[in-house]
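Raw my_file_33.cif, mmCIF, C-alpha atoms:
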```cif
data_run
#
loop_
_atom_site.group_PDB
_atom_site.id
_atom_site.type_symbol
_atom_site.label_atom_id
_atom_site.label_comp_id
_atom_site.auth_asym_id
_atom_site.auth_seq_id
_atom_site.Cartn_x
_atom_site.Cartn_y
_atom_site.Cartn_z
ATOM 1 C CA MET A 1 14.477 -1.542 -17.904
ATOM 2 C CA GLY A 2 14.776 -0.150 -21.408
ATOM 3 C CA THR A 3 18.077 0.619 -23.033
ATOM 4 C CA ILE A 4 18.945 3.968 -24.563
ATOM 5 C CA SER A 5 20.065 4.264 -28.134
ATOM 6 C CA GLU A 6 18.844 6.323 -31.036
ATOM 7 C CA ASP A 7 17.574 3.342 -33.039
ATOM 8 C CA ASP A 8 16.305 1.235 -30.151
ATOM 9 C CA GLY A 9 12.927 2.993 -30.012
ATOM 10 C CA ARG A 10 12.448 2.278 -26.309
ATOM 11 C CA VAL A 11 12.549 4.611 -23.319
ATOM 12 C CA PHE A 12 14.852 4.397 -20.350
ATOM 13 C CA ASP A 13 12.301 4.306 -17.528
ATOM 14 C CA ALA A 14 9.898 1.635 -18.841
ATOM 15 C CA PRO A 15 10.111 -2.169 -19.129
ATOM 16 C CA SER A 16 11.602 -3.202 -22.467
ATOM 17 C CA ASP A 17 9.494 -6.388 -22.555
ATOM 18 C CA ASN A 18 6.150 -4.550 -22.425
ATOM 19 C CA PHE A 19 3.370 -5.582 -24.844
ATOM 20 C CA VAL A 20 3.884 -2.290 -26.704
ATOM 21 C CA TYR A 21 7.071 -3.666 -28.240
ATOM 22 C CA SER A 22 5.748 -7.129 -29.036
ATOM 23 C CA LEU A 23 2.236 -6.351 -30.325
ATOM 24 C CA LEU A 24 2.279 -2.843 -31.789
ATOM 25 C CA PRO A 25 3.931 -1.837 -35.088
ATOM 26 C CA ARG A 26 7.100 0.163 -34.562
ATOM 27 C CA TRP A 27 5.587 3.405 -35.894
ATOM 28 C CA LEU A 28 3.080 3.352 -33.024
ATOM 29 C CA TRP A 29 5.711 2.924 -30.314
ATOM 30 C CA PRO A 30 6.337 6.659 -29.763
ATOM 31 C CA TYR A 31 2.605 7.308 -29.328
ATOM 32 C CA ALA A 32 2.242 4.417 -26.901
ATOM 33 C CA GLN A 33 5.177 5.891 -24.984
ATOM 34 C CA LEU A 34 3.608 9.357 -24.965
ATOM 35 C CA ALA A 35 0.428 7.823 -23.505
ATOM 36 C CA ARG A 36 2.517 5.640 -21.148
ATOM 37 C CA TRP A 37 0.819 2.446 -22.294
ATOM 38 C CA ASP A 38 4.138 0.779 -21.539
ATOM 39 C CA ARG A 39 3.753 1.957 -17.911
ATOM 40 C CA PRO A 40 0.216 1.079 -16.800
ATOM 41 C CA ILE A 41 0.781 2.221 -13.229
ATOM 42 C CA GLY A 42 -0.350 5.756 -14.136
ATOM 43 C CA TRP A 43 -3.820 4.837 -15.375
ATOM 44 C CA GLN A 44 -4.130 2.310 -12.558
ATOM 45 C CA LEU A 45 -3.519 4.974 -9.916
ATOM 46 C CA LEU A 46 -5.918 7.315 -11.723
ATOM 47 C CA MET A 47 -8.531 4.553 -11.904
ATOM 48 C CA TRP A 48 -8.617 3.400 -8.277
ATOM 49 C CA PRO A 49 -10.287 6.509 -6.768
ATOM 50 C CA CYS A 50 -12.977 6.151 -9.476
ATOM 51 C CA PHE A 51 -13.442 2.503 -8.558
ATOM 52 C CA TRP A 52 -13.510 3.256 -4.810
ATOM 53 C CA SER A 53 -16.197 5.875 -5.299
ATOM 54 C CA ALA A 54 -18.282 3.694 -7.617
ATOM 55 C CA ALA A 55 -18.069 0.828 -5.129
ATOM 56 C CA MET A 56 -18.978 3.105 -2.207
ATOM 57 C CA ALA A 57 -22.038 4.292 -4.112
ATOM 58 C CA ALA A 58 -22.930 0.714 -5.000
ATOM 59 C CA GLY A 59 -22.625 -0.233 -1.336
ATOM 60 C CA VAL A 60 -25.099 2.494 -0.398
ATOM 61 C CA THR A 61 -27.574 1.306 -3.021
ATOM 62 C CA ALA A 62 -27.105 -2.303 -1.888
ATOM 63 C CA ASN A 63 -27.994 -1.315 1.691
ATOM 64 C CA ALA A 64 -31.144 0.320 0.299
ATOM 65 C CA GLY A 65 -32.030 -2.792 -1.718
ATOM 66 C CA ALA A 66 -31.519 -0.936 -4.989
ATOM 67 C CA PHE A 67 -28.151 -2.274 -6.155
ATOM 68 C CA ARG A 68 -27.899 -2.572 -9.958
ATOM 69 C CA PRO A 69 -25.046 -4.966 -10.874
ATOM 70 C CA GLY A 70 -25.223 -4.122 -14.572
ATOM 71 C CA GLN A 71 -24.831 -0.417 -13.908
ATOM 72 C CA PHE A 72 -21.914 -1.065 -11.527
ATOM 73 C CA ILE A 73 -20.031 -3.188 -14.076
ATOM 74 C CA ALA A 74 -20.727 -0.685 -16.866
ATOM 75 C CA HIS A 75 -19.417 2.168 -14.732
ATOM 76 C CA LEU A 76 -16.255 0.243 -13.888
ATOM 77 C CA PHE A 77 -15.615 -0.358 -17.597
ATOM 78 C CA LEU A 78 -16.202 3.302 -18.452
ATOM 79 C CA PHE A 79 -13.936 4.501 -15.640
ATOM 80 C CA TRP A 80 -11.210 2.101 -16.784
ATOM 81 C CA LEU A 81 -11.450 3.311 -20.376
ATOM 82 C CA GLY A 82 -11.594 6.938 -19.273
ATOM 83 C CA ALA A 83 -8.575 6.483 -17.014
ATOM 84 C CA VAL A 84 -6.480 5.009 -19.842
ATOM 85 C CA ALA A 85 -7.533 7.709 -22.318
ATOM 86 C CA MET A 86 -7.259 10.723 -20.039
ATOM 87 C CA ARG A 87 -4.059 9.579 -18.378
ATOM 88 C CA GLY A 88 -2.592 9.193 -21.863
ATOM 89 C CA ALA A 89 -3.788 12.643 -22.884
ATOM 90 C CA GLY A 90 -2.476 14.128 -19.654
ATOM 91 C CA CYS A 91 0.934 12.517 -20.065
ATOM 92 C CA THR A 92 1.176 13.688 -23.667
ATOM 93 C CA TYR A 93 0.250 17.224 -22.595
ATOM 94 C CA ASN A 94 2.743 17.061 -19.734
ATOM 95 C CA ASP A 95 5.492 15.965 -22.149
ATOM 96 C CA LEU A 96 4.685 18.896 -24.428
ATOM 97 C CA VAL A 97 4.957 21.320 -21.517
ATOM 98 C CA ASP A 98 8.131 19.664 -20.169
ATOM 99 C CA HIS A 99 9.769 19.066 -23.564
ATOM 100 C CA ARG A 100 12.883 21.123 -22.772
ATOM 101 C CA ILE A 101 13.112 19.979 -19.161
ATOM 102 C CA ASP A 102 12.879 16.304 -20.124
ATOM 103 C CA ASP A 103 15.844 16.768 -22.433
ATOM 104 C CA LYS A 104 17.976 17.711 -19.405
ATOM 105 C CA VAL A 105 16.941 14.811 -17.135
ATOM 106 C CA ALA A 106 18.638 11.458 -17.621
ATOM 107 C CA ARG A 107 15.509 9.415 -16.853
ATOM 108 C CA THR A 108 13.330 11.280 -19.369
ATOM 109 C CA ARG A 109 15.767 12.167 -22.160
ATOM 110 C CA SER A 110 14.804 9.108 -24.222
ATOM 111 C CA ARG A 111 11.083 9.995 -24.367
ATOM 112 C CA PRO A 112 9.541 10.568 -27.820
ATOM 113 C CA LEU A 113 9.554 14.390 -27.849
ATOM 114 C CA PRO A 114 13.077 15.137 -26.533
ATOM 115 C CA SER A 115 14.477 12.275 -28.635
ATOM 116 C CA GLY A 116 12.777 13.689 -31.749
ATOM 117 C CA ARG A 117 10.760 10.591 -32.629
ATOM 118 C CA VAL A 118 7.504 12.595 -32.487
ATOM 119 C CA SER A 119 6.920 16.216 -33.466
ATOM 120 C CA ARG A 120 4.956 18.648 -31.307
ATOM 121 C CA ARG A 121 2.205 18.796 -33.957
ATOM 122 C CA GLN A 122 1.873 15.009 -33.955
ATOM 123 C CA ALA A 123 1.680 15.040 -30.161
ATOM 124 C CA TRP A 124 -1.150 17.602 -30.222
ATOM 125 C CA VAL A 125 -3.127 15.490 -32.722
ATOM 126 C CA PHE A 126 -2.641 12.476 -30.467
ATOM 127 C CA ILE A 127 -3.925 14.459 -27.461
ATOM 128 C CA LEU A 128 -7.054 15.310 -29.438
ATOM 129 C CA LEU A 129 -7.758 11.669 -30.276
ATOM 130 C CA GLN A 130 -7.364 10.603 -26.654
ATOM 131 C CA ALA A 131 -9.445 13.530 -25.404
ATOM 132 C CA LEU A 132 -12.268 12.591 -27.788
ATOM 133 C CA THR A 133 -12.233 9.076 -26.339
ATOM 134 C CA GLY A 134 -12.454 10.548 -22.848
ATOM 135 C CA LEU A 135 -15.296 12.806 -23.962
ATOM 136 C CA ALA A 136 -17.251 9.847 -25.313
ATOM 137 C CA VAL A 137 -16.878 8.153 -21.929
ATOM 138 C CA LEU A 138 -17.912 11.264 -20.029
ATOM 139 C CA LEU A 139 -21.028 11.779 -22.130
ATOM 140 C CA SER A 140 -22.217 8.313 -21.055
ATOM 141 C CA PHE A 141 -22.980 9.639 -17.551
ATOM 142 C CA ASN A 142 -25.678 11.919 -16.147
ATOM 143 C CA LEU A 143 -25.555 15.695 -16.642
ATOM 144 C CA PHE A 144 -24.152 16.454 -13.186
ATOM 145 C CA ALA A 145 -21.311 13.966 -13.666
ATOM 146 C CA ILE A 146 -20.601 15.395 -17.128
ATOM 147 C CA LEU A 147 -20.289 18.936 -15.767
ATOM 148 C CA LEU A 148 -18.183 17.674 -12.866
ATOM 149 C CA GLY A 149 -15.865 15.923 -15.308
ATOM 150 C CA PHE A 150 -15.412 19.089 -17.345
ATOM 151 C CA ALA A 151 -14.556 20.990 -14.146
ATOM 152 C CA SER A 152 -11.541 18.739 -13.630
ATOM 153 C CA LEU A 153 -9.906 20.091 -16.788
ATOM 154 C CA ALA A 154 -8.913 23.305 -15.004
ATOM 155 C CA VAL A 155 -6.795 21.347 -12.523
ATOM 156 C CA VAL A 156 -5.380 19.094 -15.239
ATOM 157 C CA ALA A 157 -4.274 22.149 -17.230
ATOM 158 C CA VAL A 158 -2.437 23.705 -14.271
ATOM 159 C CA TYR A 159 -0.587 20.615 -12.994
ATOM 160 C CA PRO A 160 2.298 20.459 -15.538
ATOM 161 C CA PHE A 161 3.265 24.045 -14.616
ATOM 162 C CA ALA A 162 3.066 23.531 -10.843
ATOM 163 C CA LYS A 163 6.670 22.363 -10.501
ATOM 164 C CA ARG A 164 7.727 25.797 -11.756
ATOM 165 C CA PHE A 165 5.935 27.885 -9.106
ATOM 166 C CA THR A 166 5.471 25.698 -6.019
ATOM 167 C CA ASP A 167 7.273 23.088 -3.930
ATOM 168 C CA TRP A 168 3.976 21.166 -3.870
ATOM 169 C CA PRO A 169 3.363 19.982 -7.456
ATOM 170 C CA GLN A 170 2.333 16.645 -5.939
ATOM 171 C CA PHE A 171 -0.651 18.411 -4.368
ATOM 172 C CA PHE A 172 -1.816 19.597 -7.786
ATOM 173 C CA LEU A 173 -1.308 16.081 -9.156
ATOM 174 C CA GLY A 174 -3.465 14.838 -6.294
ATOM 175 C CA LEU A 175 -6.234 17.299 -7.154
ATOM 176 C CA ALA A 176 -6.293 15.940 -10.709
ATOM 177 C CA PHE A 177 -5.632 12.239 -10.095
ATOM 178 C CA SER A 178 -8.189 11.979 -7.285
ATOM 179 C CA TRP A 179 -11.108 13.538 -9.166
ATOM 180 C CA GLY A 180 -12.563 10.113 -9.844
ATOM 181 C CA ALA A 181 -13.424 9.833 -6.145
ATOM 182 C CA LEU A 182 -16.115 12.412 -6.885
ATOM 183 C CA MET A 183 -17.079 11.012 -10.279
ATOM 184 C CA GLY A 184 -17.981 7.476 -9.197
ATOM 185 C CA TRP A 185 -20.468 8.773 -6.642
ATOM 186 C CA ALA A 186 -21.859 11.429 -8.986
ATOM 187 C CA ALA A 187 -22.424 8.866 -11.757
ATOM 188 C CA VAL A 188 -24.833 6.973 -9.486
ATOM 189 C CA PHE A 189 -26.546 9.721 -7.473
ATOM 190 C CA GLY A 190 -26.223 12.800 -9.686
ATOM 191 C CA THR A 191 -24.699 14.746 -6.794
ATOM 192 C CA VAL A 192 -21.658 14.770 -4.515
ATOM 193 C CA SER A 193 -22.068 13.908 -0.824
ATOM 194 C CA LEU A 194 -19.695 14.013 2.129
ATOM 195 C CA PRO A 195 -18.427 10.405 1.819
ATOM 196 C CA ALA A 196 -17.261 11.128 -1.741
ATOM 197 C CA VAL A 197 -15.632 14.415 -0.694
ATOM 198 C CA LEU A 198 -13.766 12.662 2.125
ATOM 199 C CA ALA A 199 -12.621 9.937 -0.273
ATOM 200 C CA TYR A 200 -11.421 12.661 -2.654
ATOM 201 C CA VAL A 201 -9.344 14.360 0.043
ATOM 202 C CA ALA A 202 -7.989 10.975 1.155
ATOM 203 C CA ALA A 203 -6.940 10.185 -2.414
ATOM 204 C CA ILE A 204 -5.154 13.552 -2.621
ATOM 205 C CA PHE A 205 -3.045 12.693 0.426
ATOM 206 C CA TRP A 206 -2.383 9.226 -0.998
ATOM 207 C CA THR A 207 -1.202 10.789 -4.266
ATOM 208 C CA ILE A 208 1.095 13.253 -2.495
ATOM 209 C CA GLY A 209 2.596 10.330 -0.582
ATOM 210 C CA TYR A 210 3.298 7.953 -3.439
ATOM 211 C CA ASP A 211 4.399 10.690 -5.842
ATOM 212 C CA THR A 212 6.811 12.082 -3.263
ATOM 213 C CA ILE A 213 8.420 8.645 -3.189
ATOM 214 C CA TYR A 214 8.506 8.633 -6.992
ATOM 215 C CA ALA A 215 10.013 12.132 -7.161
ATOM 216 C CA HIS A 216 13.034 11.062 -5.125
ATOM 217 C CA GLN A 217 14.295 9.371 -8.309
ATOM 218 C CA ASP A 218 14.848 12.752 -9.963
ATOM 219 C CA LYS A 219 15.838 14.991 -7.069
ATOM 220 C CA GLU A 220 19.449 15.504 -8.183
ATOM 221 C CA ASP A 221 18.487 16.427 -11.736
ATOM 222 C CA ASP A 222 15.573 18.517 -10.448
ATOM 223 C CA ALA A 223 17.917 20.494 -8.209
ATOM 224 C CA LEU A 224 20.247 21.215 -11.125
ATOM 225 C CA ILE A 225 17.526 22.552 -13.421
ATOM 226 C CA GLY A 226 15.384 24.215 -10.748
ATOM 227 C CA VAL A 227 12.352 21.888 -10.815
ATOM 228 C CA ARG A 228 10.543 21.835 -7.471
ATOM 229 C CA SER A 229 8.925 18.877 -5.699
ATOM 230 C CA THR A 230 7.886 17.608 -2.291
ATOM 231 C CA ALA A 231 10.804 15.166 -2.474
ATOM 232 C CA ARG A 232 13.223 18.108 -2.529
ATOM 233 C CA LEU A 233 11.148 20.016 0.037
ATOM 234 C CA PHE A 234 10.937 17.170 2.576
ATOM 235 C CA GLY A 235 14.412 15.718 1.984
ATOM 236 C CA GLU A 236 15.530 13.614 4.942
ATOM 237 C CA LYS A 237 12.218 14.301 6.703
ATOM 238 C CA THR A 238 10.248 12.448 4.036
ATOM 239 C CA LYS A 239 9.266 9.552 6.315
ATOM 240 C CA PRO A 240 7.543 11.692 8.993
ATOM 241 C CA TRP A 241 5.619 13.482 6.243
ATOM 242 C CA LEU A 242 4.568 10.140 4.752
ATOM 243 C CA ILE A 243 3.374 8.950 8.157
ATOM 244 C CA ALA A 244 1.163 12.040 8.385
ATOM 245 C CA PHE A 245 -0.174 11.700 4.833
ATOM 246 C CA TYR A 246 -0.910 7.997 5.006
ATOM 247 C CA SER A 247 -2.507 8.328 8.456
ATOM 248 C CA LEU A 248 -4.867 10.938 7.010
ATOM 249 C CA VAL A 249 -5.678 8.617 4.089
ATOM 250 C CA LEU A 250 -6.801 5.893 6.471
ATOM 251 C CA LEU A 251 -8.688 8.236 8.800
ATOM 252 C CA LEU A 252 -10.556 9.981 5.989
ATOM 253 C CA LEU A 253 -11.477 6.765 4.178
ATOM 254 C CA ALA A 254 -12.632 5.122 7.412
ATOM 255 C CA THR A 255 -14.847 8.138 8.089
ATOM 256 C CA ALA A 256 -16.204 8.052 4.531
ATOM 257 C CA PHE A 257 -17.001 4.351 4.786
ATOM 258 C CA SER A 258 -18.719 4.873 8.134
ATOM 259 C CA LEU A 259 -20.846 7.764 6.866
ATOM 260 C CA ALA A 260 -21.825 5.672 3.837
ATOM 261 C CA GLY A 261 -22.937 2.863 6.136
ATOM 262 C CA LEU A 262 -20.616 0.280 4.588
ATOM 263 C CA GLY A 263 -20.048 -3.131 6.165
ATOM 264 C CA TRP A 264 -17.017 -4.610 7.872
ATOM 265 C CA PRO A 265 -15.258 -5.923 4.699
ATOM 266 C CA ALA A 266 -14.643 -2.320 3.609
ATOM 267 C CA PHE A 267 -12.843 -1.636 6.888
ATOM 268 C CA GLY A 268 -11.001 -4.958 6.667
ATOM 269 C CA GLY A 269 -9.627 -3.989 3.278
ATOM 270 C CA LEU A 270 -8.630 -0.611 4.685
ATOM 271 C CA ILE A 271 -6.685 -2.251 7.518
ATOM 272 C CA VAL A 272 -4.730 -4.400 5.053
ATOM 273 C CA ALA A 273 -4.103 -1.372 2.847
ATOM 274 C CA GLY A 274 -2.887 0.571 5.873
ATOM 275 C CA ALA A 275 -0.334 -2.118 6.614
ATOM 276 C CA MET A 276 0.830 -1.929 2.994
ATOM 277 C CA LEU A 277 1.158 1.855 3.171
ATOM 278 C CA PHE A 278 3.236 1.808 6.327
ATOM 279 C CA TYR A 279 5.385 -1.014 4.973
ATOM 280 C CA GLN A 280 6.484 1.446 2.306
ATOM 281 C CA ILE A 281 7.578 3.932 4.940
ATOM 282 C CA VAL A 282 9.513 1.343 6.960
ATOM 283 C CA VAL A 283 11.573 0.053 4.039
ATOM 284 C CA LEU A 284 11.931 3.326 2.099
ATOM 285 C CA ASN A 285 15.443 4.430 1.155
ATOM 286 C CA ILE A 286 15.075 7.829 -0.492
ATOM 287 C CA ASP A 287 18.537 7.527 -2.046
ATOM 288 C CA ASP A 288 17.711 4.285 -3.870
ATOM 289 C CA GLY A 289 15.981 5.349 -7.085
ATOM 290 C CA ASP A 290 15.109 1.811 -8.168
ATOM 291 C CA GLN A 291 13.465 1.078 -4.832
ATOM 292 C CA CYS A 292 11.525 4.345 -4.959
ATOM 293 C CA LYS A 293 10.103 3.311 -8.313
ATOM 294 C CA ARG A 294 9.152 -0.153 -7.012
ATOM 295 C CA LEU A 295 7.401 1.309 -3.964
ATOM 296 C CA PHE A 296 5.554 3.783 -6.175
ATOM 297 C CA VAL A 297 4.276 0.920 -8.355
ATOM 298 C CA PHE A 298 3.370 -1.044 -5.215
ATOM 299 C CA ASN A 299 0.586 1.471 -4.598
ATOM 300 C CA ASN A 300 -1.418 -0.172 -7.365
ATOM 301 C CA TYR A 301 -1.942 -3.075 -4.973
ATOM 302 C CA VAL A 302 -2.924 -0.687 -2.189
ATOM 303 C CA GLY A 303 -5.689 0.707 -4.399
ATOM 304 C CA MET A 304 -6.713 -2.808 -5.397
ATOM 305 C CA VAL A 305 -7.040 -4.013 -1.797
ATOM 306 C CA ILE A 306 -9.205 -1.043 -0.809
ATOM 307 C CA PHE A 307 -11.452 -1.695 -3.814
ATOM 308 C CA ALA A 308 -11.665 -5.405 -3.026
ATOM 309 C CA GLY A 309 -12.859 -4.609 0.497
ATOM 310 C CA LEU A 310 -15.507 -2.274 -0.887
ATOM 311 C CA VAL A 311 -16.754 -4.857 -3.374
ATOM 312 C CA ALA A 312 -16.928 -7.489 -0.643
ATOM 313 C CA ALA A 313 -18.980 -5.061 1.443
ATOM 314 C CA ILE A 314 -21.543 -4.815 -1.370
ATOM 315 C CA PHE A 315 -22.246 -8.533 -1.311
ATOM 316 C CA ILE A 316 -21.488 -9.469 2.288
ATOM 317 C CA GLY A 317 -22.777 -6.291 3.941
#
```
How does the structure come out when it is put into structure tokens?
Amino acid sequence: MGTISEDDGRVFDAPSDNFVYSLLPRWLWPYAQLARWDRPIGWQLLMWPCFWSAAMAAGVTANAGAFRPGQFIAHLFLFWLGAVAMRGAGCTYNDLVDHRIDDKVARTRSRPLPSGRVSRRQAWVFILLQALTGLAVLLSFNLFAILLGFASLAVVAVYPFAKRFTDWPQFFLGLAFSWGALMGWAAVFGTVSLPAVLAYVAAIFWTIGYDTIYAHQDKEDDALIGVRSTARLFGEKTKPWLIAFYSLVLLLLATAFSLAGLGWPAFGGLIVAGAMLFYQIVVLNIDDGDQCKRLFVFNNYVGMVIFAGLVAAIFIG
């Protein structure tokens, strides 16, 4: 965990031994922190629905004898790059919107904007550079996927304000973070079909679940400054809500895989992922902020296991 001091240059809620601090020049640190390069979990969670969808589409083409390995690998690279760029742009935008709020929350007070290490103008320029990278990625796909990608910007723009007008900002995060579940399919077929839609809805419920766990870290500060969240809304009933959300994730993904005609490895991966999801619920202590953060990060492995099952289904059938 980082330490907090004016001349340290690190942030409180990120590992102090991250590559950012060992490889990048010090003047780049605040920008890396704005983009959360020192906390890769964000782009990882944004990336997995893209990867699931791309692998589902690849599985369909494999069943039809038309699987193109080169295209699959290229799409995975583009979705990875897009996830890093757009997650960074989204985080920078979110920090601009939440500048004054972050200054009142202990966990976020050391971030570049509230600490004064980056100006608002510099942050806007940095958003532009990241957005241009994301645009270059998007323009690599077919026209339908390009238009679909642009449509996501409406949701991305609304999310940072959601905590001000609803108890469900995690739902709006899910709408934005899960968009890749549509994009991976669209990049292959130039359309969106029911399996991709079901995967999208499943990813929304997954996002609400893991971000509710994450939000329990800030619930005391959020209550003081009037920021709303599902963590505050659910309170002591968080576990029953998580059971419902994670059950829907598994049901929707299983239905999507079945409709796509995917083989048994996809369902095997889903079973393992289900066990990992419900493990989180069993051990969760909503009053232990450090544990909430660890369980939130643990969801990277959930996404990875689901993807691994889908990839295995491509080659094993």
For range 54-64 of chain A, work out the shell of residues within 7 Å, counting only C-alpha atoms and skipping chain neighbours fewer than 5 positions away, then give it as an mmCIF file with C-alpha atoms, in the frame of the given file.
```
data_model
loop_
_atom_site.group_PDB
_atom_site.id
_atom_site.type_symbol
_atom_site.label_atom_id
_atom_site.label_comp_id
_atom_site.auth_asym_id
_atom_site.auth_seq_id
_atom_site.Cartn_x
_atom_site.Cartn_y
_atom_site.Cartn_z
ATOM 1 C CA PHE A 72 -21.914 -1.065 -11.527
ATOM 2 C CA GLY A 184 -17.981 7.476 -9.197
ATOM 3 C CA TRP A 185 -20.468 8.773 -6.642
ATOM 4 C CA VAL A 188 -24.833 6.973 -9.486
ATOM 5 C CA ALA A 260 -21.825 5.672 3.837
ATOM 6 C CA GLY A 261 -22.937 2.863 6.136
ATOM 7 C CA LEU A 262 -20.616 0.280 4.588
ATOM 8 C CA LEU A 310 -15.507 -2.274 -0.887
ATOM 9 C CA VAL A 311 -16.754 -4.857 -3.374
ATOM 10 C CA ALA A 313 -18.980 -5.061 1.443
ATOM 11 C CA ILE A 314 -21.543 -4.815 -1.370
#
```
Just say which residues the PyMOL selection byres ((chain A and resi 280-282) around 8) picks in this file, as a list in words.
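Against this file, the PyMOL selection byres ((chain A and resi 280-282) around 8) returns the residues Lys239, Leu242, Ile243, Met276, Leu277, Phe278, Tyr279, Val283, Leu284 and Leu295 of chain A.
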Residue neighbourhood Gln170 in chain A, 8 Å, all atoms listed in the file, exclusion window fewer than 2 positions, as a count of residues only:
10
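For the atom pair formed by CA of Ser247 in chain A and CA of Ala273 in chain A, the distance is 11.3 Å, given to one decimal.
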The distance between CA of Ile286 in chain A and CA of Arg36 in chain A is 24.3 Å
Of the candidates A:Gly180, A:Pro195, A:Gly235, A:Gly149, which shows the shortest atom-to-atom distance to Asp287 in chain A, using only C-alpha atoms?
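Selected residue with least distance to Asp287 in chain A: A:Gly235.
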Separation of CA of Val156 in chain A from CA of Val137 in chain A, in Å and rounded to one decimal
17.2 Å
Residues selected by the PyMOL selection byres ((chain A and resi 93) around 9), written as a ChimeraX atom specification:
/A:34,88-92,94-98,123-124,127,157,160
Would you translate the PyMOL selection byres ((chain A and resi 79) around 8) into the concrete set of residues it matches in this file, as a list in words?
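Evaluating the PyMOL selection byres ((chain A and resi 79) around 8) on this file yields Met47, Cys50, Phe51, His75, Leu76, Phe77, Leu78, Trp80, Leu81, Gly82, Ala83 and Val137 of chain A.
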Can those selected residues be exported to a file as a short mmCIF file (atom, residue, chain, number, x, y, z; two decimals), keeping the file's coordinate frame so that it contains C-alpha atoms?
```cif
data_model
loop_
_atom_site.label_atom_id
_atom_site.label_comp_id
_atom_site.auth_asym_id
_atom_site.auth_seq_id
_atom_site.Cartn_x
_atom_site.Cartn_y
_atom_site.Cartn_z
CA MET A 47 -8.53 4.55 -11.90
CA CYS A 50 -12.98 6.15 -9.48
CA PHE A 51 -13.44 2.50 -8.56
CA HIS A 75 -19.42 2.17 -14.73
CA LEU A 76 -16.26 0.24 -13.89
CA PHE A 77 -15.62 -0.36 -17.60
CA LEU A 78 -16.20 3.30 -18.45
CA TRP A 80 -11.21 2.10 -16.78
CA LEU A 81 -11.45 3.31 -20.38
CA GLY A 82 -11.59 6.94 -19.27
CA ALA A 83 -8.57 6.48 -17.01
CA VAL A 137 -16.88 8.15 -21.93
#
```
Taking all atoms listed in the file into account, name the residue in A:Asp290, A:Ile73, A:Phe19, A:Asn300 that is nearest to Trp48 in chain A.
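Residue with the minimum atom-to-atom distance to Trp48 in chain A: A:Asn300.
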